[in-house]
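For reference, the structure discussed in these notes is given below.
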Amino acid sequence: MEIIVCVKRVPDVAEVEVEVDRSGRALERQDLAYGINEWDNFAIEAAVSLVEAHGGRSTAVTVGGPEDEEVLRRALAMGVNEALHLCDPAFAGADAHGVALLLQRAIAARPFDLVLTGAISSDQRNGQVGGMLAALLGIPQVALATELKVENGRAVVRHEVEGGLERVVELDLPALVSVQTGINEPRYVSVRGIRKVADQAIPVLDAASLGLDAAQAQALLAQVRIEELFLPQRGKGAEMLEGSDEEKVLKLIERLRERGGL
Amino acid sequence: MSASDVTLPAPAAQDLLGLPAPAFHLAMLVLAAAAFGFILWKRARLLLQGAPDPRLDRIGTRLARLLFLGFGQARQPRYPAAGVLHILIFAGFLILSLRSLTLLGEGFSAGFALPGLAGRAGAAYASLKDWTALVVLACCVVAAVRRALFAPARYHDRHARKSHAREAYVILGLISLLMVADALYEGAALAGSGGAGPRLPLASAAALCLGGLPDAALGVLHLSAFWIHNAALLFFLCYLPVSKHFHVITSLPNVFLLDLRAGGAVKPPRHGAVDQGAAEALGVGRLEGFTWKHLLDFYTCTDCGRCSDQCPAYATGTLLSPRMISIKCRDLAYQCFPLLGATVPPEERPALVGDVIAAGEIWSCTTCGACEEVCPVLIEYVDKIVDLRRFLVDQGDVPPSLQKPLAALEKHGNPYGKMARKRGDWAGGGEEGGSGVRVLKEGESADLLFFTDSCVAYDPRLQRIGQALGALFGAAGLDCGTLGKDEVDSGHEARRMGEEGLFETLRDKNLEALGRRTFARLVTADPHAMSALKNDGYGLAQPILHHSQLLAELLAAGRLVPGPLGDERVYTFHDPCYLGRHNGEFAAPRAVLSALPGLRLVEMARARSRSFCCGGGSLYLFSEVECEARMGELRLCMAEEAGAQVIVTACPFCLLNLEDAIKTSGREGRMEVLDLAELVVRSLNRGVVG
Ligand code: SF4
Ligand code: SF4
């Protein structure tokens, strides 16, 4: 079975105070640490364990600059067999459609049975690439998978639907599945594991090798342009309660009483 | 008096089963020696396949430790009842070994005496040995009764699938049989010659019982007792290496081969390997992955249960019982390397990690070292557990609760995932409200470098330790700097979690940052960091101090002048594992405490090297180990038993764990925990005010 897993390198902003850079259109990168998008980590684990169970080959693909190669190495360390790096200055600023388009060009040129993506990326939170990619590839897609099995050329997917429901669906391969966190327990990648794959060659595909004219690529890939990026002003209605935990709780109860919440 | 003085027939002069006695005896000996040699050779096969482990350096130190801890049985009295019994039996064993040799000699020649043990010396030895035999016999009876009726709880391990009690009775029975047989052998002779007396209490008692028997009967008894003794002795010898009493043979070598590296050090993944990362798999995933010495440990474990009795992970009901690691590995070793038949190939064995030892056991250890400190035969656990973790990490099999902080360490240099840029913020940038600790830029210098490590740098409660220390350094007029954002985690926990590569990365970053600043001494408030900087291959030339050591020095020199605390409460000191047990510093914090006027100090029963782990540092705060009680809460109970209301500690994690335990156990307002530095600040302020 041939599995393609699409991954992305994102800034880790969980415990970090983010700042907007001077252009007003991007984050101040200097103090940010980057890593694999959490959802993609689950997608890689799914790809690796499917290949472990059924044989075949898994390939990780990313669209990004030279520094983004790091997440491909990580995927290799986790056990994917190959990696593809779609890297060209002309890809800068690609929107979700642009990324899907690049991925489609790279993937369509290869044999594949299953394409996996994370459900969303923690930096953009659009959740669009999976759907667009499936459409461009002309294959069916299931989103928000919480369980994934492959049997007899079909994928059996359990996934979340609106209203807290879950549902099990079946679809013929090739197909695209975008996975939710918690679908599995991703294995740990040790520093040594990364070092072990440091020498593995990762083919780089640029605009030309994807059949794009670098000069026109921008217009095609970056149709959604960022106008402004900012931290919202703290609203007037918000009030920070001060004091010890106990005092804060007492104040909260008081406020709730005042406004008839209790 | 020896048996040759009397008229009874000498064993060597009689035929047995149609063979002359010496020939029969020789056959017995050869048979026993062959069986013993065969068993030992089979047991040694596994050791020969173990990983390398250099243990033959510093022979003088090793001999001294062998004398003190091995022959001197120095760790036995930690358990007074069992300890005294064991010391007596062990001493008896040494004394009686000469007697055993003599009796073996008598099988060949009548009246055989060891060189130097003829004549008066022989008579003196005969008396000594007879008294010894009496004592040993009494000890065996007491030990058996104790085991049967008053067995301490530690004899039964919660996780044990089978008991080794039967082996213990067999051994006690065999030893008693040896004593009784020898007594009858001599007693029969004494009864015939009338030489009984207090010089030979046991033999005389036997003679008394046999008095009145005809000479012929005495003769038969004399001979039978002799053969029974020697047969039992040879059986005993061969039984040892198939029972838990293998330690009778292996424990002295095991003590001699002890780990002489610095207390807190962890063994490298593979001794002698130039490139530690080059191996196909890291850590220990099957028996042969252990070093040969660690395999010898398994053979040597006496199943006494003291390690688990001291283990905080066992006390809190986790899956871990260190003793069971030894017992299960030994069982596995005997199963896979059987005495008869071929070695079981690795792929047909139960998996060492998973089937034999559960991952939950491996992750429950806080590496506190209490087990190693108490083990009478110096069995090592921390290195083994770290090796097992290295294997799990290499396989990617790390609990999700630990993956997060490990990933954060890799990305941000601290387990919380906080921004590296903010690492020096606690020091307040030297402004108002600052701490008197400067953030050193590259190329700058200070007399003292304060290594904060992640917890003091980021945890709001623990930052106060750093600030307290900063204030004290300021008061003492010290010129102190810190690395700020260029510092990363010391890697202490990463290494102990088995993430060797991550540890190396962190260490190298710190070394680079340290190398770009000049300082005369380094101090840290975190014993884990101190231990890592000292023992984990940082190789710094500057002295590395724990803040308790520096504070003791400043107080002694009068550079800090404390005032009366004016506190009626009773204080106690909790020894952090990595300050005390692992790095041997018990005195400095106590020197600080005794320098504070008016402090009412008591010691807990488990103080100093017997200290009870608070629950562990750094990454242990993130790990979700299943347990029934919390280590911190147990420790609070111990402090209460000692009559203390305030626990002083000298480790940020102890502070955090114990403070947490105060909250979760509803002791708020009744108990307090604070760091040594914070206490000194209090006392100093009183000094100024008062
Ligand atoms: S080091 Fe501490 S926690 Fe680990 S096994 Fe030994 S006593 Fe138990
Ligand atoms: S390891 Fe040591 S302390 Fe633990 S049971 Fe074995 S001999 Fe006793």
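Just so we're on the same page: first chain in the structure tokens is A, next is B, and so on; residues restart at 1 for each chain, and ligands are numbered from 1 in the order they show up.
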Q: Give as a VMD selection string the residues surrounding ligand 2 up to a distance of 9 Å, considering only C-alpha atoms and all ligand atoms.
A: chain B and resid 247 297 to 298 300 to 310 322 to 327 371 to 381
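Neighbours of Gly60 of chain B closer than or equal to 12 Å, with only C-alpha atoms counted and sequence neighbours fewer than 5 positions away skipped, come out as Arg65, Leu66, Leu67, Phe256, Leu257 and Leu260 of chain B.
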Q: Would you mind telling me which residue in A:Ile139, A:Leu72, A:Val179, A:Ile36 lies nearest to chain B when using only C-alpha atoms?
A: A:Ile36
Q: Name the residues of segment 25-198 of chain A that come out as strand (DSSP E or B) in a backbone DSSP run; write them as a ChimeraX atom specification.
A: /A:27,34-36,57-63,82-86,114-118,141-151,154-161,165-172,175-179
Q: Would you give me, as an MDAnalysis selection string, the residues of chain B that come within 12 Å of chain A, using only C-alpha atoms?
A: chainID B and resid 275:282 389:423 458 485 494:495 497:506
Q.
Could you tell me how far atom CA of Leu593 of chain B sits from atom CA of Val646 of chain B, in Å to one decimal place?
A.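 Separation between atom CA of Val646 of chain B and atom CA of Leu593 of chain B: 12.5 Å.
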Q) segment 373-543 of chain B: which residues are helix (DSSP H, G or I) by DSSP, as a VMD selection string? A) chain B and resid 373 to 374 382 to 394 400 to 412 420 to 422 425 to 430 453 to 458 460 to 475 484 to 486 492 to 496 500 to 515 527 to 535
Q: Considering only C-alpha atoms, return as a ChimeraX atom specification whatever protein or nucleic-acid residues lie within 12 Å of Arg670 of chain B, sequence-local ones (same chain, fewer than 6 positions apart) excluded.
A: /B:569-570,636,640,643-647,659,662-663
Only C-alpha atoms, please: the residues just picked out, written as a PDB file, in the first residue's frame.
ATOM      1  CA  ARG B 569       7.590  26.180  65.639  1.00  0.00           C
ATOM      2  CA  VAL B 570       9.731  23.065  65.289  1.00  0.00           C
ATOM      3  CA  LEU B 636       4.686  15.085  55.638  1.00  0.00           C
ATOM      4  CA  GLU B 640       4.751  15.168  61.805  1.00  0.00           C
ATOM      5  CA  GLY B 643       7.123  16.700  65.776  1.00  0.00           C
ATOM      6  CA  ALA B 644       7.968  19.286  63.126  1.00  0.00           C
ATOM      7  CA  GLN B 645       5.673  21.934  61.675  1.00  0.00           C
ATOM      8  CA  VAL B 646       8.136  23.434  59.238  1.00  0.00           C
ATOM      9  CA  ILE B 647      10.041  21.422  56.667  1.00  0.00           C
ATOM     10  CA  GLU B 659       3.940  22.272  49.247  1.00  0.00           C
ATOM     11  CA  ILE B 662       0.342  20.211  52.172  1.00  0.00           C
ATOM     12  CA  LYS B 663      -2.483  21.490  50.005  1.00  0.00           C
TER      13      LYS B 663
END
**Q.** Contacts of segment 614-625 of chain B at 7 Å (only C-alpha atoms; same-chain gap of 6+ positions) as an MDAnalysis selection string
**A.** chainID B and resid 364 366 401:402 405 493 631:632 635 653:654 657:658
Q | Option closest in space to ligand 1, from B:Gly317, B:Gly539, B:Gly474, B:Pro20 [counting only C-alpha atoms and all ligand atoms] | A |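 Of B:Gly317, B:Gly539, B:Gly474, B:Pro20, the one nearest ligand 1 is B:Gly317, counting only C-alpha atoms and all ligand atoms.
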**Q.** One-decimal distance in Å that lies between atom CA of Ala133 of chain B and atom CA of Ala91 of chain B
**A.**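 Taking atom CA of Ala91 of chain B and atom CA of Ala133 of chain B, their separation equals 10.6 Å.
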For Phe42 of chain A: contacts at 10 Å, only C-alpha atoms, fewer than 6 positions along chain excluded, given as a CSV table (one decimal) with all heavy atoms, in the first residue's frame:
chain,number,residue,atom,x,y,z
A,48,VAL,N,2.6,5.3,9.4
A,48,VAL,CA,3.6,4.3,9.8
A,48,VAL,C,3.0,3.0,10.3
A,48,VAL,O,3.4,1.9,9.9
A,48,VAL,CB,4.6,4.9,10.8
A,48,VAL,CG1,5.6,3.9,11.3
A,48,VAL,CG2,5.3,6.1,10.2
A,116,LEU,N,-3.0,11.0,3.7
A,116,LEU,CA,-3.4,11.4,5.0
A,116,LEU,C,-3.0,12.8,5.3
A,116,LEU,O,-1.9,13.2,4.8
A,116,LEU,CB,-2.7,10.5,6.1
A,116,LEU,CG,-3.1,9.0,6.1
A,116,LEU,CD1,-2.3,8.2,7.1
A,116,LEU,CD2,-4.6,8.9,6.4
A,117,THR,N,-3.8,13.6,5.9
A,117,THR,CA,-3.4,14.9,6.4
A,117,THR,C,-3.9,15.1,7.8
A,117,THR,O,-4.8,14.3,8.3
A,117,THR,CB,-4.1,16.0,5.5
A,117,THR,OG1,-5.5,16.0,5.8
A,117,THR,CG2,-3.9,15.8,4.1
A,118,GLY,N,-3.3,16.1,8.5
A,118,GLY,CA,-3.9,16.4,9.8
A,118,GLY,C,-5.2,17.2,9.5
A,118,GLY,O,-5.4,17.7,8.5
A,119,ALA,N,-6.1,17.2,10.5
A,119,ALA,CA,-7.4,17.8,10.3
A,119,ALA,C,-7.2,19.3,10.1
A,119,ALA,O,-7.9,19.9,9.2
A,119,ALA,CB,-8.3,17.5,11.5
A,178,SER,N,-8.4,13.0,6.6
A,178,SER,CA,-7.7,13.9,7.5
A,178,SER,C,-8.0,13.5,8.9
A,178,SER,O,-9.2,13.3,9.3
A,178,SER,CB,-8.2,15.4,7.2
A,178,SER,OG,-9.5,15.5,7.3
A,179,VAL,N,-7.0,13.4,9.7
A,179,VAL,CA,-7.1,12.7,11.0
A,179,VAL,C,-7.2,13.8,12.2
A,179,VAL,O,-6.6,14.9,12.1
A,179,VAL,CB,-6.0,11.8,11.3
A,179,VAL,CG1,-5.8,10.8,10.2
A,179,VAL,CG2,-4.7,12.5,11.5
A,180,GLN,N,-7.9,13.4,13.2
A,180,GLN,CA,-8.1,14.1,14.4
A,180,GLN,C,-7.0,13.7,15.4
A,180,GLN,O,-6.5,12.6,15.3
A,180,GLN,CB,-9.5,13.9,14.9
A,180,GLN,CG,-9.9,14.6,16.1
A,180,GLN,CD,-9.8,16.1,16.0
A,180,GLN,OE1,-8.8,16.7,15.8
A,180,GLN,NE2,-11.0,16.8,16.0
A,181,THR,N,-6.7,14.6,16.3
A,181,THR,CA,-5.7,14.1,17.4
A,181,THR,C,-6.4,13.0,18.2
A,181,THR,O,-7.6,13.0,18.3
A,181,THR,CB,-5.4,15.3,18.3
A,181,THR,OG1,-6.6,15.8,18.8
A,181,THR,CG2,-4.6,16.4,17.6
A,182,GLY,N,-5.6,12.2,18.8
A,182,GLY,CA,-6.2,11.1,19.6
A,182,GLY,C,-6.5,9.9,18.8
A,182,GLY,O,-7.0,8.9,19.4
A,183,ILE,N,-6.3,9.9,17.5
A,183,ILE,CA,-6.6,8.7,16.7
A,183,ILE,C,-5.7,7.6,17.0
A,183,ILE,O,-6.0,6.4,16.9
A,183,ILE,CB,-6.5,9.1,15.2
A,183,ILE,CG1,-7.0,7.9,14.3
A,183,ILE,CG2,-5.1,9.4,14.8
A,183,ILE,CD1,-7.1,8.2,12.8
A,184,ASN,N,-4.5,7.9,17.6
A,184,ASN,CA,-3.5,6.9,18.0
A,184,ASN,C,-2.6,7.5,19.0
A,184,ASN,O,-2.9,8.7,19.5
A,184,ASN,CB,-2.7,6.4,16.8
A,184,ASN,CG,-2.2,7.6,15.9
A,184,ASN,OD1,-1.8,8.6,16.5
A,184,ASN,ND2,-2.2,7.4,14.6
A,185,GLU,N,-1.6,6.8,19.4
A,185,GLU,CA,-0.6,7.4,20.3
A,185,GLU,C,0.7,7.5,19.6
A,185,GLU,O,1.5,6.5,19.4
A,185,GLU,CB,-0.4,6.5,21.6
A,185,GLU,CG,-1.4,6.8,22.6
A,185,GLU,CD,-1.0,6.1,24.0
A,185,GLU,OE1,0.1,5.7,24.2
A,185,GLU,OE2,-1.9,6.1,24.9
A,186,PRO,N,1.0,8.7,19.0
A,186,PRO,CA,2.2,8.8,18.2
A,186,PRO,C,3.5,8.4,19.0
A,186,PRO,O,3.6,8.7,20.2
A,186,PRO,CB,2.3,10.3,17.9
A,186,PRO,CG,0.9,10.8,18.1
A,186,PRO,CD,0.3,10.0,19.2
A,187,ARG,N,4.3,7.7,18.3
A,187,ARG,CA,5.6,7.3,19.0
A,187,ARG,C,6.5,8.5,19.2
A,187,ARG,O,6.3,9.5,18.6
A,187,ARG,CB,6.3,6.2,18.2
A,187,ARG,CG,6.7,6.7,16.8
A,187,ARG,CD,7.0,5.4,15.9
A,187,ARG,NE,5.7,4.8,15.6
A,187,ARG,CZ,5.7,3.6,15.0
A,187,ARG,NH1,6.7,2.9,14.7
A,187,ARG,NH2,4.5,3.1,14.7
Q: Pick out the residues sitting within 10 Å of segment 228-245 of chain A, and hand them over as a list in words; count only C-alpha atoms, and ignore anything fewer than 5 positions along from it in its own chain.
A: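 Counting only C-alpha atoms, the residues come to Val18, Glu19, Val20, Asp21, Ser23, Gly24, Arg25, Ala26, Leu27, Leu250, Lys251 and Leu252 of chain A.
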Q: Please identify all polymer residues within 9 Å of Ser122 of chain A, counting only C-alpha atoms, omitting same-chain residues fewer than 4 positions from it, and present them as a ChimeraX atom specification.
A: /A:10-13,37-39,126
